[in-house]
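Below you'll find the structure, written out as structure tokens, and then a few comments.
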Amino acid sequence: MTILVLGGAGYIGSHTVYELIDKGEDVVVIDNLLTGYKEAVHPKARFYKGDIRDREFLDSVFEKEKIDSVIHFAASSLVGESMEKPLKYYDNNLCGTKILLDAMVAHGIDKIVFSSTAATYGEPERIPILETDKTEPTNTYGETKLSMEKMFKWVGKAHGIRYVSLRYFNACGAHKSGEIGEAHNPETHLLSIILQVPNGQRDAVSIYGDDYDTKDGTCVRDYIHVTDLATAHILAVRYLEFGNESNIFNLGNGVGFTVKEVIECARKVTGHPIPAKISPRRAGDPARLIASSEKAKNILGWRPEYTDMEAIISSAWKWHKSHPQGFKTCK
Ligand code: UFG
């Protein structure tokens with residue numbers, strides 16, 4: 001049984017490949033390396049450099065490899081960029097997935113697990129957020145991910161493809177080996193930005209708004225370790241292999257931390273004062289996003305291991321400290 005990981009050189013994709021290989025799975029990785037890094041691909045995975053929008057390329061891999069299930073991370077994922085370049089997101093996320101599904105149908109591949117996001121909900125009606133809550137994205141990124149979910153639904157009905165959509169909350173942390181971790185360029189994610197201060201790459205963190213209706217006025221997020229996300233993908237593949245029906249699951253720890261609390265915890269872990277300054281709010285940031293992941297726990301049997309913020313930050317710090325520039329090929 002071979003599992004194909006699309007986007008397996010990216011942050012969450014590479015961690016999932018490490019967990020799959022650790023569990024003895026045979027893994028093929030496709031990545032166009034536009035935002036991913038070749039060094040992040042596990043040496044035991046068979047790597048093909050190419051783009052999912054290239055049908056001939058996909059056909060050539062599907063002819064060469066006997067793929068049983070697909071895990072799909074190959075998408076653009078920056079909220080801010082998606083508002084400035086919406087067509088890039090429609091092209092990469094939606095057109096890419098359309099071509100992928102065409103190829104899967106043609107080659108008789110009928111199981112797919114894919115990355116969705118808390119951004120499909122938009123401004124939540126209640127906390128914690130359930131999978132059945134209203135989905136009204138406030139940015140193009142979330143909109144394209146929601147459209148991808150719907151594409152899977154309708155294509156699934158017509159062609160018998162079953163899917164699991166995993167709606168992540170705030171992914172963070174790094175692999176326990178210290179070999180792979182978060183490396184975005186430009187970096188926009190809170191924890192990586194915070195850790196650039198003790199790493200000597202920036203003088204201070206900007207806190208985007210301290211006038212939200214939260215306990216200290218800064219935004220609340222549900223931070224979930226990347227290895228726990230990786231584990232959920234493997235459970236989702238197993239769920240489909242056992243013949244279960246298509247489904248959607250939230251993935252978070254179910255606990256909210258404010259921006260100020262994350263900074264304070266990073267000060268404790270790194271021993272650095274990490275100066276912070278208040279900046280204007282960032283457009284499109286909801287005040288509070290916290291997941292209910294009861295469904296993933298009950299149905300997939302998912303049990304996140306990193307439930308402690310200090311442990312999450314320590315794992316990220318181990319990676320950033322030893323790789324201040326990210327991967328060698330970081331542009
Ligand atoms: N923040 C700061 N300063 C920074 C960076 C971030 O104060 O320098 C704040 C943000 O305003 C936000 C929180 O830290 O309140 C977390 O921000 P991130 O950019 O790390 O993450 P987001 O919550 O914006 O984004 C995450 C995922 C997206 C997903 C989104 C759902 O990264 O993929 O949640 O809203 F779409």
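Scheme for the structure tokens: letters A, B, ... for chains in order shown; per-chain residue numbers from 1; ligand numbers from 1 in order shown.
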
Could you name the residues that touch range 55-61 of chain A at 9 Å or less, counting only C-alpha atoms, but leaving out those on the same chain fewer than 6 positions away, as a PyMOL selection string? chain A and resi 30+48+99-100+102-104+106-107

With C-alpha atoms retained, export the selected residues as a short mmCIF file (atom, residue, chain, number, x, y, z; two decimals), in the first residue's frame.
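Output below, filename part.cif:
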data_model
loop_
_atom_site.label_atom_id
_atom_site.label_comp_id
_atom_site.auth_asym_id
_atom_site.auth_seq_id
_atom_site.Cartn_x
_atom_site.Cartn_y
_atom_site.Cartn_z
CA ILE A 30 5.02 15.28 -4.87
CA TYR A 48 8.84 13.67 -7.59
CA ILE A 99 -6.86 18.51 -12.06
CA LEU A 100 -5.86 16.20 -9.22
CA ASP A 102 -9.54 14.28 -12.74
CA ALA A 103 -6.34 12.26 -12.52
CA MET A 104 -7.54 10.30 -9.46
CA ALA A 106 -8.86 8.32 -14.38
CA HIS A 107 -6.49 6.12 -12.36
#

I'd like the neighbourhood of Leu6 in chain A as a tab-separated table (two decimals) with all heavy atoms, in the first residue's frame, where a residue qualifies if any of its atoms comes within 10 Å (using only C-alpha atoms), though same-chain residues fewer than 6 positions away should be ignored.
chain	number	residue	atom	x	y	z
A	13	GLY	N	3.04	18.88	5.74
A	13	GLY	CA	3.26	17.71	4.87
A	13	GLY	C	4.51	16.94	5.26
A	13	GLY	O	4.49	15.71	5.37
A	14	SER	N	5.62	17.65	5.49
A	14	SER	CA	6.88	16.95	5.79
A	14	SER	C	6.78	16.22	7.13
A	14	SER	O	7.30	15.10	7.27
A	14	SER	CB	8.06	17.93	5.80
A	14	SER	OG	7.88	18.92	6.79
A	28	VAL	N	5.18	8.16	-1.25
A	28	VAL	CA	5.62	8.93	-2.42
A	28	VAL	C	5.28	10.39	-2.15
A	28	VAL	O	4.18	10.68	-1.65
A	28	VAL	CB	4.87	8.43	-3.69
A	28	VAL	CG1	5.08	9.39	-4.87
A	28	VAL	CG2	5.33	7.03	-4.06
A	29	VAL	N	6.21	11.28	-2.44
A	29	VAL	CA	5.97	12.71	-2.23
A	29	VAL	C	6.00	13.45	-3.56
A	29	VAL	O	6.89	13.23	-4.39
A	29	VAL	CB	7.05	13.31	-1.29
A	29	VAL	CG1	7.00	14.84	-1.29
A	29	VAL	CG2	6.89	12.79	0.13
A	30	ILE	N	5.00	14.33	-3.75
A	30	ILE	CA	5.02	15.28	-4.87
A	30	ILE	C	5.05	16.67	-4.26
A	30	ILE	O	4.29	16.96	-3.33
A	30	ILE	CB	3.76	15.12	-5.76
A	30	ILE	CG1	3.87	13.86	-6.62
A	30	ILE	CG2	3.55	16.36	-6.63
A	30	ILE	CD1	2.67	13.63	-7.55
A	31	ASP	N	5.93	17.53	-4.79
A	31	ASP	CA	5.96	18.93	-4.33
A	31	ASP	C	6.60	19.75	-5.44
A	31	ASP	O	7.53	19.29	-6.10
A	31	ASP	CB	6.79	19.04	-3.04
A	31	ASP	CG	6.47	20.30	-2.25
A	31	ASP	OD1	6.72	21.41	-2.77
A	31	ASP	OD2	5.97	20.17	-1.12
A	32	ASN	N	6.06	20.97	-5.66
A	32	ASN	CA	6.67	21.81	-6.71
A	32	ASN	C	7.83	22.66	-6.15
A	32	ASN	O	8.47	23.41	-6.88
A	32	ASN	CB	5.63	22.70	-7.40
A	32	ASN	CG	4.94	23.65	-6.43
A	32	ASN	OD1	5.39	23.84	-5.30
A	32	ASN	ND2	3.85	24.27	-6.88
A	48	TYR	N	9.03	13.20	-6.21
A	48	TYR	CA	8.84	13.67	-7.59
A	48	TYR	C	8.59	15.17	-7.53
A	48	TYR	O	7.63	15.61	-6.88
A	48	TYR	CB	7.63	13.00	-8.24
A	48	TYR	CG	7.78	11.51	-8.43
A	48	TYR	CD1	7.46	10.62	-7.40
A	48	TYR	CD2	8.26	10.98	-9.63
A	48	TYR	CE1	7.61	9.26	-7.56
A	48	TYR	CE2	8.39	9.61	-9.81
A	48	TYR	CZ	8.06	8.76	-8.77
A	48	TYR	OH	8.20	7.39	-8.93
A	50	GLY	N	7.18	18.36	-9.03
A	50	GLY	CA	6.22	18.74	-10.06
A	50	GLY	C	5.00	19.39	-9.44
A	50	GLY	O	4.87	19.46	-8.22
A	51	ASP	N	4.11	19.85	-10.32
A	51	ASP	CA	2.97	20.65	-9.89
A	51	ASP	C	1.67	19.88	-10.12
A	51	ASP	O	1.51	19.25	-11.18
A	51	ASP	CB	2.97	21.94	-10.72
A	51	ASP	CG	2.12	23.01	-10.08
A	51	ASP	OD1	0.88	22.81	-9.97
A	51	ASP	OD2	2.67	24.05	-9.69
A	52	ILE	N	0.76	19.95	-9.16
A	52	ILE	CA	-0.50	19.18	-9.32
A	52	ILE	C	-1.37	19.76	-10.44
A	52	ILE	O	-2.32	19.13	-10.87
A	52	ILE	CB	-1.32	19.08	-8.01
A	52	ILE	CG1	-1.73	20.44	-7.47
A	52	ILE	CG2	-0.58	18.28	-6.96
A	52	ILE	CD1	-2.83	20.37	-6.42
A	70	VAL	N	-4.36	9.22	-1.08
A	70	VAL	CA	-3.67	10.49	-1.28
A	70	VAL	C	-3.87	11.36	-0.03
A	70	VAL	O	-4.97	11.40	0.53
A	70	VAL	CB	-4.25	11.22	-2.52
A	70	VAL	CG1	-3.62	12.61	-2.69
A	70	VAL	CG2	-4.04	10.39	-3.78
A	71	ILE	N	-2.80	12.04	0.40
A	71	ILE	CA	-2.94	13.08	1.43
A	71	ILE	C	-2.52	14.38	0.74
A	71	ILE	O	-1.42	14.48	0.19
A	71	ILE	CB	-2.07	12.82	2.68
A	71	ILE	CG1	-2.31	11.42	3.23
A	71	ILE	CG2	-2.37	13.86	3.74
A	71	ILE	CD1	-1.54	11.09	4.52
A	72	HIS	N	-3.42	15.36	0.77
A	72	HIS	CA	-3.27	16.55	-0.09
A	72	HIS	C	-3.00	17.81	0.74
A	72	HIS	O	-3.92	18.35	1.35
A	72	HIS	CB	-4.57	16.68	-0.90
A	72	HIS	CG	-4.63	17.85	-1.82
A	72	HIS	ND1	-3.52	18.52	-2.27
A	72	HIS	CD2	-5.70	18.47	-2.39
A	72	HIS	CE1	-3.90	19.51	-3.07
A	72	HIS	NE2	-5.21	19.50	-3.14
A	73	PHE	N	-1.71	18.26	0.71
A	73	PHE	CA	-1.34	19.51	1.39
A	73	PHE	C	-0.97	20.60	0.38
A	73	PHE	O	-0.58	21.69	0.80
A	73	PHE	CB	-0.09	19.30	2.26
A	73	PHE	CG	-0.23	18.32	3.38
A	73	PHE	CD1	0.20	17.01	3.24
A	73	PHE	CD2	-0.75	18.72	4.60
A	73	PHE	CE1	0.11	16.11	4.29
A	73	PHE	CE2	-0.85	17.82	5.66
A	73	PHE	CZ	-0.42	16.53	5.50
A	74	ALA	N	-1.01	20.25	-0.92
A	74	ALA	CA	-0.42	21.15	-1.93
A	74	ALA	C	-1.34	22.33	-2.21
A	74	ALA	O	-2.18	22.27	-3.11
A	74	ALA	CB	-0.13	20.36	-3.20
A	75	ALA	N	-1.18	23.39	-1.43
A	75	ALA	CA	-2.05	24.56	-1.60
A	75	ALA	C	-1.34	25.80	-1.09
A	75	ALA	O	-0.40	25.71	-0.29
A	75	ALA	CB	-3.34	24.35	-0.82
A	100	LEU	N	-6.19	17.37	-10.04
A	100	LEU	CA	-5.86	16.20	-9.22
A	100	LEU	C	-7.02	15.20	-9.22
A	100	LEU	O	-6.82	13.99	-9.42
A	100	LEU	CB	-5.55	16.65	-7.78
A	100	LEU	CG	-5.49	15.55	-6.73
A	100	LEU	CD1	-4.30	14.63	-6.97
A	100	LEU	CD2	-5.42	16.14	-5.32
A	114	PHE	N	-7.43	15.60	3.19
A	114	PHE	CA	-6.85	16.89	2.80
A	114	PHE	C	-6.94	17.96	3.87
A	114	PHE	O	-7.77	17.92	4.77
A	114	PHE	CB	-7.43	17.33	1.46
A	114	PHE	CG	-8.67	18.14	1.56
A	114	PHE	CD1	-8.62	19.52	1.38
A	114	PHE	CD2	-9.88	17.55	1.82
A	114	PHE	CE1	-9.76	20.27	1.46
A	114	PHE	CE2	-11.02	18.30	1.92
A	114	PHE	CZ	-10.96	19.67	1.73

One decimal place gives the atom 18 (P, counted along the ligand's line) of ligand 1-CA of Gly36 in chain A separation as 18.7 Å

Under the rule that only C-alpha atoms and all ligand atoms are counted, which of A:Glu39, A:Asp68, A:Asp213, A:Asp285 is the nearest residue to ligand 1?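 Distance minimum relative to ligand 1 lands on A:Asp285.
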
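Around ligand 1, using only C-alpha atoms and all ligand atoms and a cut-off of 6 Å, the residues in contact are Ser77, Val79, Thr117, Ala118, Ala119, Phe169, Asn170, Thr188, His189, Leu190, Ile193, Val205, Ser206, Ile207, Tyr208, Cys219, Val259, Arg282 and Asp285 of chain A.
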
Rank A:Arg167, A:Lys111, A:Lys38, A:Lys153 by their smallest atom-to-atom distance to Leu240 in chain A, using only C-alpha atoms, and report the top residue only.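 Of A:Arg167, A:Lys111, A:Lys38, A:Lys153, the one nearest Leu240 in chain A, counting only C-alpha atoms, is A:Lys111.
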
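Distances from A:Tyr89, A:Phe249, A:Trp319, A:Phe47 to His233 in chain A were compared using only C-alpha atoms, and the smallest one belongs to A:Phe249.
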
Find the residues near range 123-130 of chain A: any atom within 9 Å, counting only C-alpha atoms, skip ones fewer than 4 places away on the same chain, and give them as a list of chain:residue names. A:Ala118, A:Ala119, A:Lys134, A:Thr135, A:Glu136, A:Pro137, A:Thr138, A:Phe249, A:Asn250, A:Gly254, A:Val255, A:Gly284, A:Asp285, A:Pro286, A:Ala287, A:Arg288, A:Leu289, A:Ile290, A:Ala291, A:Ser292, A:Ser293, A:Glu294, A:Lys295

DSSP on the backbone: which residues in range 109-192 of chain A end up as alpha helix (DSSP H)? Give the answer as a list in words.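 Output for range 109-192 of chain A, alpha helix (DSSP H) only: Thr140, Tyr141, Gly142, Glu143, Thr144, Lys145, Leu146, Ser147, Met148, Glu149, Lys150, Met151, Phe152, Lys153, Trp154, Val155, Gly156, Lys157, Ala158, His159, Leu190, Leu191 and Ser192 of chain A.
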
Would you put the residues from that selection into a file with N, CA, C and O atoms, as a PDB file, in the first residue's frame?
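Wrote part.pdb, looks like this:
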ATOM      1  N   THR A 140     -10.132  34.930   1.145  1.00  0.00           N
ATOM      2  CA  THR A 140     -10.120  34.069  -0.051  1.00  0.00           C
ATOM      3  C   THR A 140      -9.534  32.698   0.259  1.00  0.00           C
ATOM      4  O   THR A 140      -9.981  31.680  -0.280  1.00  0.00           O
ATOM      5  N   TYR A 141      -8.526  32.681   1.133  1.00  0.00           N
ATOM      6  CA  TYR A 141      -7.911  31.397   1.497  1.00  0.00           C
ATOM      7  C   TYR A 141      -8.977  30.438   2.048  1.00  0.00           C
ATOM      8  O   TYR A 141      -9.139  29.314   1.557  1.00  0.00           O
ATOM      9  N   GLY A 142      -9.728  30.892   3.058  1.00  0.00           N
ATOM     10  CA  GLY A 142     -10.762  30.048   3.660  1.00  0.00           C
ATOM     11  C   GLY A 142     -11.841  29.678   2.643  1.00  0.00           C
ATOM     12  O   GLY A 142     -12.350  28.552   2.635  1.00  0.00           O
ATOM     13  N   GLU A 143     -12.169  30.632   1.772  1.00  0.00           N
ATOM     14  CA  GLU A 143     -13.205  30.393   0.751  1.00  0.00           C
ATOM     15  C   GLU A 143     -12.767  29.276  -0.206  1.00  0.00           C
ATOM     16  O   GLU A 143     -13.562  28.394  -0.545  1.00  0.00           O
ATOM     17  N   THR A 144     -11.485  29.313  -0.637  1.00  0.00           N
ATOM     18  CA  THR A 144     -11.040  28.269  -1.574  1.00  0.00           C
ATOM     19  C   THR A 144     -10.991  26.906  -0.877  1.00  0.00           C
ATOM     20  O   THR A 144     -11.317  25.887  -1.479  1.00  0.00           O
ATOM     21  N   LYS A 145     -10.631  26.881   0.399  1.00  0.00           N
ATOM     22  CA  LYS A 145     -10.600  25.598   1.126  1.00  0.00           C
ATOM     23  C   LYS A 145     -12.019  25.042   1.291  1.00  0.00           C
ATOM     24  O   LYS A 145     -12.245  23.837   1.168  1.00  0.00           O
ATOM     25  N   LEU A 146     -12.981  25.938   1.560  1.00  0.00           N
ATOM     26  CA  LEU A 146     -14.373  25.491   1.688  1.00  0.00           C
ATOM     27  C   LEU A 146     -14.877  24.972   0.333  1.00  0.00           C
ATOM     28  O   LEU A 146     -15.559  23.946   0.262  1.00  0.00           O
ATOM     29  N   SER A 147     -14.494  25.657  -0.745  1.00  0.00           N
ATOM     30  CA  SER A 147     -14.890  25.201  -2.090  1.00  0.00           C
ATOM     31  C   SER A 147     -14.254  23.857  -2.413  1.00  0.00           C
ATOM     32  O   SER A 147     -14.864  23.012  -3.076  1.00  0.00           O
ATOM     33  N   MET A 148     -13.021  23.665  -1.943  1.00  0.00           N
ATOM     34  CA  MET A 148     -12.375  22.354  -2.160  1.00  0.00           C
ATOM     35  C   MET A 148     -13.182  21.263  -1.454  1.00  0.00           C
ATOM     36  O   MET A 148     -13.432  20.199  -2.017  1.00  0.00           O
ATOM     37  N   GLU A 149     -13.617  21.542  -0.229  1.00  0.00           N
ATOM     38  CA  GLU A 149     -14.425  20.548   0.508  1.00  0.00           C
ATOM     39  C   GLU A 149     -15.667  20.189  -0.309  1.00  0.00           C
ATOM     40  O   GLU A 149     -16.058  19.032  -0.414  1.00  0.00           O
ATOM     41  N   LYS A 150     -16.296  21.235  -0.881  1.00  0.00           N
ATOM     42  CA  LYS A 150     -17.541  20.984  -1.639  1.00  0.00           C
ATOM     43  C   LYS A 150     -17.247  20.230  -2.936  1.00  0.00           C
ATOM     44  O   LYS A 150     -18.036  19.392  -3.370  1.00  0.00           O
ATOM     45  N   MET A 151     -16.093  20.539  -3.547  1.00  0.00           N
ATOM     46  CA  MET A 151     -15.714  19.821  -4.772  1.00  0.00           C
ATOM     47  C   MET A 151     -15.574  18.324  -4.469  1.00  0.00           C
ATOM     48  O   MET A 151     -16.060  17.473  -5.208  1.00  0.00           O
ATOM     49  N   PHE A 152     -14.922  18.024  -3.340  1.00  0.00           N
ATOM     50  CA  PHE A 152     -14.759  16.615  -2.960  1.00  0.00           C
ATOM     51  C   PHE A 152     -16.127  15.961  -2.746  1.00  0.00           C
ATOM     52  O   PHE A 152     -16.343  14.814  -3.115  1.00  0.00           O
ATOM     53  N   LYS A 153     -17.043  16.703  -2.137  1.00  0.00           N
ATOM     54  CA  LYS A 153     -18.368  16.134  -1.853  1.00  0.00           C
ATOM     55  C   LYS A 153     -19.061  15.708  -3.154  1.00  0.00           C
ATOM     56  O   LYS A 153     -19.503  14.567  -3.293  1.00  0.00           O
ATOM     57  N   TRP A 154     -19.129  16.641  -4.126  1.00  0.00           N
ATOM     58  CA  TRP A 154     -19.884  16.346  -5.340  1.00  0.00           C
ATOM     59  C   TRP A 154     -19.171  15.338  -6.228  1.00  0.00           C
ATOM     60  O   TRP A 154     -19.796  14.449  -6.812  1.00  0.00           O
ATOM     61  N   VAL A 155     -17.834  15.486  -6.323  1.00  0.00           N
ATOM     62  CA  VAL A 155     -17.075  14.534  -7.144  1.00  0.00           C
ATOM     63  C   VAL A 155     -17.141  13.148  -6.494  1.00  0.00           C
ATOM     64  O   VAL A 155     -17.261  12.131  -7.176  1.00  0.00           O
ATOM     65  N   GLY A 156     -17.125  13.142  -5.171  1.00  0.00           N
ATOM     66  CA  GLY A 156     -17.223  11.878  -4.440  1.00  0.00           C
ATOM     67  C   GLY A 156     -18.519  11.148  -4.757  1.00  0.00           C
ATOM     68  O   GLY A 156     -18.524   9.938  -4.996  1.00  0.00           O
ATOM     69  N   LYS A 157     -19.626  11.917  -4.768  1.00  0.00           N
ATOM     70  CA  LYS A 157     -20.937  11.296  -5.060  1.00  0.00           C
ATOM     71  C   LYS A 157     -20.944  10.685  -6.463  1.00  0.00           C
ATOM     72  O   LYS A 157     -21.479   9.606  -6.677  1.00  0.00           O
ATOM     73  N   ALA A 158     -20.360  11.392  -7.419  1.00  0.00           N
ATOM     74  CA  ALA A 158     -20.417  10.935  -8.812  1.00  0.00           C
ATOM     75  C   ALA A 158     -19.429   9.804  -9.092  1.00  0.00           C
ATOM     76  O   ALA A 158     -19.730   8.901  -9.872  1.00  0.00           O
ATOM     77  N   HIS A 159     -18.246   9.899  -8.471  1.00  0.00           N
ATOM     78  CA  HIS A 159     -17.172   8.975  -8.879  1.00  0.00           C
ATOM     79  C   HIS A 159     -16.713   8.029  -7.769  1.00  0.00           C
ATOM     80  O   HIS A 159     -15.728   7.315  -7.941  1.00  0.00           O
ATOM     81  N   LEU A 190       2.633  33.529  14.245  1.00  0.00           N
ATOM     82  CA  LEU A 190       3.012  34.136  15.530  1.00  0.00           C
ATOM     83  C   LEU A 190       4.220  33.484  16.201  1.00  0.00           C
ATOM     84  O   LEU A 190       5.193  34.174  16.521  1.00  0.00           O
ATOM     85  N   LEU A 191       4.172  32.173  16.422  1.00  0.00           N
ATOM     86  CA  LEU A 191       5.230  31.565  17.238  1.00  0.00           C
ATOM     87  C   LEU A 191       6.605  31.666  16.564  1.00  0.00           C
ATOM     88  O   LEU A 191       7.607  31.977  17.209  1.00  0.00           O
ATOM     89  N   SER A 192       6.649  31.440  15.245  1.00  0.00           N
ATOM     90  CA  SER A 192       7.939  31.542  14.545  1.00  0.00           C
ATOM     91  C   SER A 192       8.460  32.968  14.607  1.00  0.00           C
ATOM     92  O   SER A 192       9.666  33.196  14.739  1.00  0.00           O
TER      93      SER A 192
END

Determine, counting only C-alpha atoms, which protein, DNA and RNA residues have an atom within 9 Å of an atom of Ala45 in chain A; residues of the same chain fewer than 6 positions away are not included. Present the result as a list in words.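 Returned residues: Val17, Tyr18, Ile21, Asp26, Val27, Val28 and Val29 of chain A.
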
Preceding selection exported with all heavy atoms as an mmCIF file, in the first residue's frame:
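Saved to again27.cif:
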data_model
loop_
_atom_site.group_PDB
_atom_site.id
_atom_site.type_symbol
_atom_site.label_atom_id
_atom_site.label_comp_id
_atom_site.auth_asym_id
_atom_site.auth_seq_id
_atom_site.Cartn_x
_atom_site.Cartn_y
_atom_site.Cartn_z
ATOM 1 N N VAL A 17 4.867 13.035 6.546
ATOM 2 C CA VAL A 17 5.696 12.005 5.900
ATOM 3 C C VAL A 17 6.605 11.340 6.943
ATOM 4 O O VAL A 17 6.730 10.105 6.961
ATOM 5 C CB VAL A 17 6.533 12.626 4.746
ATOM 6 C CG1 VAL A 17 7.510 11.599 4.187
ATOM 7 C CG2 VAL A 17 5.622 13.146 3.640
ATOM 8 N N TYR A 18 7.198 12.113 7.835
ATOM 9 C CA TYR A 18 8.052 11.529 8.888
ATOM 10 C C TYR A 18 7.263 10.520 9.731
ATOM 11 O O TYR A 18 7.748 9.439 10.043
ATOM 12 C CB TYR A 18 8.639 12.635 9.788
ATOM 13 C CG TYR A 18 10.010 13.099 9.339
ATOM 14 C CD1 TYR A 18 10.190 13.705 8.096
ATOM 15 C CD2 TYR A 18 11.134 12.926 10.144
ATOM 16 C CE1 TYR A 18 11.443 14.131 7.676
ATOM 17 C CE2 TYR A 18 12.394 13.351 9.734
ATOM 18 C CZ TYR A 18 12.544 13.950 8.503
ATOM 19 O OH TYR A 18 13.792 14.364 8.086
ATOM 20 N N ILE A 21 6.483 7.299 7.623
ATOM 21 C CA ILE A 21 7.671 6.444 7.464
ATOM 22 C C ILE A 21 7.984 5.744 8.787
ATOM 23 O O ILE A 21 8.306 4.559 8.825
ATOM 24 C CB ILE A 21 8.883 7.294 6.992
ATOM 25 C CG1 ILE A 21 8.559 7.990 5.671
ATOM 26 C CG2 ILE A 21 10.188 6.474 6.991
ATOM 27 C CD1 ILE A 21 9.031 7.393 4.403
ATOM 28 N N ASP A 26 4.838 2.952 2.994
ATOM 29 C CA ASP A 26 5.560 3.266 1.759
ATOM 30 C C ASP A 26 5.021 4.609 1.262
ATOM 31 O O ASP A 26 3.811 4.754 1.055
ATOM 32 C CB ASP A 26 5.288 2.150 0.735
ATOM 33 C CG ASP A 26 6.082 2.347 -0.524
ATOM 34 O OD1 ASP A 26 7.307 2.530 -0.429
ATOM 35 O OD2 ASP A 26 5.481 2.332 -1.616
ATOM 36 N N VAL A 27 5.910 5.596 1.093
ATOM 37 C CA VAL A 27 5.436 6.963 0.826
ATOM 38 C C VAL A 27 6.058 7.545 -0.440
ATOM 39 O O VAL A 27 7.270 7.466 -0.657
ATOM 40 C CB VAL A 27 5.773 7.899 2.026
ATOM 41 C CG1 VAL A 27 5.246 9.306 1.783
ATOM 42 C CG2 VAL A 27 5.199 7.347 3.328
ATOM 43 N N VAL A 28 5.181 8.161 -1.251
ATOM 44 C CA VAL A 28 5.616 8.925 -2.423
ATOM 45 C C VAL A 28 5.276 10.385 -2.151
ATOM 46 O O VAL A 28 4.185 10.684 -1.648
ATOM 47 C CB VAL A 28 4.875 8.430 -3.692
ATOM 48 C CG1 VAL A 28 5.083 9.386 -4.866
ATOM 49 C CG2 VAL A 28 5.332 7.027 -4.062
ATOM 50 N N VAL A 29 6.210 11.278 -2.445
ATOM 51 C CA VAL A 29 5.969 12.710 -2.229
ATOM 52 C C VAL A 29 5.998 13.448 -3.559
ATOM 53 O O VAL A 29 6.887 13.227 -4.388
ATOM 54 C CB VAL A 29 7.052 13.311 -1.294
ATOM 55 C CG1 VAL A 29 6.997 14.841 -1.289
ATOM 56 C CG2 VAL A 29 6.891 12.792 0.127
#

Neighbours of Gly326 in chain A within 9 Å (only C-alpha atoms; same-chain residues fewer than 4 positions away dropped), as a PyMOL selection string? chain A and resi 180-184+319-320+322+330

Prev. selection, N, CA, C and O atoms, output as a tab-separated table (two decimals), in the first residue's frame:
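Wrote selection-v7.tsv, looks like this:
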chain	number	residue	atom	x	y	z
A	180	ILE	N	13.37	18.68	11.15
A	180	ILE	CA	12.46	19.50	10.33
A	180	ILE	C	11.61	20.37	11.25
A	180	ILE	O	11.39	20.04	12.43
A	181	GLY	N	11.15	21.49	10.70
A	181	GLY	CA	10.33	22.40	11.49
A	181	GLY	C	9.72	23.45	10.57
A	181	GLY	O	9.75	23.30	9.34
A	182	GLU	N	9.20	24.50	11.17
A	182	GLU	CA	8.51	25.52	10.39
A	182	GLU	C	9.52	26.43	9.70
A	182	GLU	O	10.46	26.93	10.33
A	183	ALA	N	9.36	26.66	8.40
A	183	ALA	CA	10.27	27.55	7.65
A	183	ALA	C	9.49	28.19	6.52
A	183	ALA	O	9.39	27.64	5.42
A	184	HIS	N	8.86	29.32	6.81
A	184	HIS	CA	8.11	30.04	5.78
A	184	HIS	C	8.89	31.29	5.38
A	184	HIS	O	9.58	31.88	6.19
A	319	TRP	N	14.11	23.56	17.17
A	319	TRP	CA	14.30	23.64	15.72
A	319	TRP	C	14.88	25.01	15.31
A	319	TRP	O	15.89	25.10	14.62
A	320	HIS	N	14.25	26.08	15.77
A	320	HIS	CA	14.66	27.42	15.32
A	320	HIS	C	16.07	27.77	15.80
A	320	HIS	O	16.82	28.43	15.09
A	322	SER	N	18.54	25.72	16.29
A	322	SER	CA	19.57	25.00	15.53
A	322	SER	C	19.50	25.30	14.03
A	322	SER	O	20.41	24.96	13.28
A	330	CYS	N	16.66	27.65	1.99
A	330	CYS	CA	15.71	28.74	2.22
A	330	CYS	C	16.15	29.95	1.41
A	330	CYS	O	17.30	30.37	1.49

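For Lys23 in chain A, the non-local neighbours within 12 Å, defined as residues at least 6 positions apart in the same chain or in other chains and counting only C-alpha atoms, are Thr16, Val17, Ala230, Thr231, Ile234 and Leu235 of chain A.
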
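Comparing the minimum interatomic distances between Thr270 in chain A and each of A:Gln196, A:Thr120, A:Thr97, A:Thr132, counting only C-alpha atoms, we find that A:Gln196 sits nearest.
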